[in-house]
file target01.cif (mmCIF, C-alpha atoms and all ligand atoms)
data_query
#
loop_
_atom_site.group_PDB
_atom_site.id
_atom_site.type_symbol
_atom_site.label_atom_id
_atom_site.label_comp_id
_atom_site.auth_asym_id
_atom_site.auth_seq_id
_atom_site.Cartn_x
_atom_site.Cartn_y
_atom_site.Cartn_z
ATOM 1 C CA MET A 144 -17.867 10.517 3.406
ATOM 2 C CA SER A 145 -16.825 10.952 -0.207
ATOM 3 C CA ALA A 146 -14.945 8.377 -2.211
ATOM 4 C CA GLN A 147 -11.200 8.556 -2.239
ATOM 5 C CA SER A 148 -8.582 6.509 -3.986
ATOM 6 C CA ILE A 149 -6.913 3.910 -1.810
ATOM 7 C CA VAL A 150 -4.010 1.776 -2.967
ATOM 8 C CA LEU A 151 -3.136 -1.384 -1.077
ATOM 9 C CA LYS A 152 -0.604 -4.122 -1.576
ATOM 10 C CA VAL A 153 -2.231 -7.522 -0.996
ATOM 11 C CA THR A 154 -0.233 -10.711 -0.692
ATOM 12 C CA GLY A 155 -1.563 -14.251 -0.457
ATOM 13 C CA MET A 156 -3.729 -14.114 -3.590
ATOM 14 C CA THR A 157 -2.885 -17.026 -5.869
ATOM 15 C CA CYS A 158 -5.708 -17.186 -8.393
ATOM 16 C CA GLN A 159 -8.722 -15.342 -9.780
ATOM 17 C CA GLY A 160 -10.824 -16.928 -7.025
ATOM 18 C CA CYS A 161 -8.721 -15.072 -4.458
ATOM 19 C CA VAL A 162 -9.112 -11.887 -6.481
ATOM 20 C CA ARG A 163 -12.894 -12.324 -6.431
ATOM 21 C CA SER A 164 -12.825 -12.948 -2.683
ATOM 22 C CA VAL A 165 -10.858 -9.766 -2.004
ATOM 23 C CA ASP A 166 -13.103 -7.820 -4.379
ATOM 24 C CA LYS A 167 -16.143 -9.048 -2.419
ATOM 25 C CA ILE A 168 -14.570 -8.090 0.894
ATOM 26 C CA VAL A 169 -14.066 -4.524 -0.292
ATOM 27 C CA LYS A 170 -17.603 -4.335 -1.657
ATOM 28 C CA ARG A 171 -19.001 -5.694 1.592
ATOM 29 C CA ALA A 172 -17.299 -2.794 3.359
ATOM 30 C CA ASP A 173 -18.576 -0.357 0.722
ATOM 31 C CA PRO A 174 -21.122 -1.575 -1.860
ATOM 32 C CA GLN A 175 -20.383 1.499 -3.996
ATOM 33 C CA ALA A 176 -16.658 0.808 -4.166
ATOM 34 C CA GLN A 177 -14.943 0.615 -7.524
ATOM 35 C CA VAL A 178 -12.180 -1.927 -7.229
ATOM 36 C CA GLN A 179 -9.301 -2.908 -9.455
ATOM 37 C CA ILE A 180 -7.016 -5.760 -8.442
ATOM 38 C CA ASP A 181 -3.906 -6.891 -10.290
ATOM 39 C CA LEU A 182 -3.130 -10.492 -9.389
ATOM 40 C CA PRO A 183 0.563 -10.629 -10.470
ATOM 41 C CA THR A 184 1.534 -7.567 -8.416
ATOM 42 C CA GLY A 185 -1.103 -7.756 -5.691
ATOM 43 C CA ARG A 186 -1.935 -4.104 -6.285
ATOM 44 C CA LEU A 187 -5.434 -3.179 -5.212
ATOM 45 C CA GLU A 188 -6.838 0.214 -6.097
ATOM 46 C CA ALA A 189 -10.230 1.208 -4.792
ATOM 47 C CA ALA A 190 -12.344 4.313 -5.121
ATOM 48 C CA THR A 191 -14.271 4.044 -1.904
ATOM 49 C CA SER A 192 -15.567 5.887 1.114
ATOM 50 C CA ALA A 193 -14.347 3.041 3.367
ATOM 51 C CA SER A 194 -11.152 3.736 5.283
ATOM 52 C CA ALA A 195 -7.906 2.066 4.292
ATOM 53 C CA GLN A 196 -7.573 0.664 7.796
ATOM 54 C CA SER A 197 -11.021 -0.954 7.712
ATOM 55 C CA LEU A 198 -10.234 -2.562 4.346
ATOM 56 C CA ILE A 199 -6.871 -3.813 5.574
ATOM 57 C CA SER A 200 -8.500 -5.324 8.676
ATOM 58 C CA ALA A 201 -11.231 -7.054 6.658
ATOM 59 C CA ILE A 202 -8.788 -8.424 4.064
ATOM 60 C CA ASN A 203 -6.409 -9.685 6.755
ATOM 61 C CA ALA A 204 -9.298 -11.332 8.616
ATOM 62 C CA ALA A 205 -9.984 -13.370 5.465
ATOM 63 C CA GLY A 206 -6.461 -14.779 5.485
ATOM 64 C CA PHE A 207 -4.709 -12.446 3.072
ATOM 65 C CA GLN A 208 -2.129 -9.838 4.018
ATOM 66 C CA ALA A 209 -2.847 -6.238 3.099
ATOM 67 C CA GLN A 210 -0.815 -3.126 3.689
ATOM 68 C CA MET A 211 -0.806 0.415 2.445
ATOM 69 C CA GLY A 212 0.471 0.350 -1.110
HETATM 70 CU CU CU B 1 -7.153 -18.298 -5.134
#

call {"tool": "encode", "arguments": {"input": "target01.cif", "output": "structure tokens"}}
result
Amino acid sequence: MSAQSIVLKVTGMTCQGCVRSVDKIVKRADPQAQVQIDLPTGRLEAATSASAQSLISAINAAGFQAQMG
């Protein structure tokens, strides 16, 4: 599968530690992923071959709330 751009809205992140956690979750799903996360808006943009649904599931399982952005 080739990389595509996925935009998610993530709530529940309160600090850079949360940002790092979410970044790690995405990279666990796809080690090649390029991830940008904006803490104030919760906007996550990833260039990844992982599916949006798999990322949403993994982020939610870690206690954050993700939805299609
Ligand atoms: Cu935090």

call {"tool": "atom_distance", "arguments": {"input": "target01.cif", "atom1": "CA of Cys161 (chain A)", "atom2": "CA of Ala209 (chain A)"}}
result
13.0 Å

call {"tool": "residues_near_ligand", "arguments": {"input": "target01.cif", "ligand": "ligand CU 1 (chain B)", "cutoff": "10 Å", "atoms": "all atoms listed in the file", "output": "PyMOL selection string"}}
result
chain A and resi 155-165+182

call {"tool": "atom_distance", "arguments": {"input": "target01.cif", "atom1": "CA of Asp181 (chain A)", "atom2": "CA of Gln147 (chain A)"}}
result
18.9 Å

call {"tool": "atom_distance", "arguments": {"input": "target01.cif", "atom1": "CA of Ser148 (chain A)", "atom2": "CA of Thr184 (chain A)"}}
result
17.9 Å

call {"tool": "resolve_selection", "arguments": {"input": "target01.cif", "expression": "the PyMOL selection byres (((chain A and resi 174) around 12) and not hetatm)", "output": "JSON, numbers by chain"}}
result
{"A": [146, 166, 167, 168, 169, 170, 171, 172, 173, 175, 176, 177, 178, 189, 190, 191, 192, 193]}

call {"tool": "closest_residue", "arguments": {"input": "target01.cif", "among": "A:Gly185, A:Ser194, A:Ile202, A:Gln179", "to": "Ser145 (chain A)", "atoms": "only C-alpha atoms"}}
result
A:Ser194

call {"tool": "resolve_selection", "arguments": {"input": "target01.cif", "expression": "the PyMOL selection byres (((chain A and resi 195) around 9) and not hetatm)", "output": "list in words"}}
result
Ile149, Val150, Leu151, Ala193, Ser194, Gln196, Ser197, Leu198, Ile199, Ser200, Gln210 and Met211 of chain A
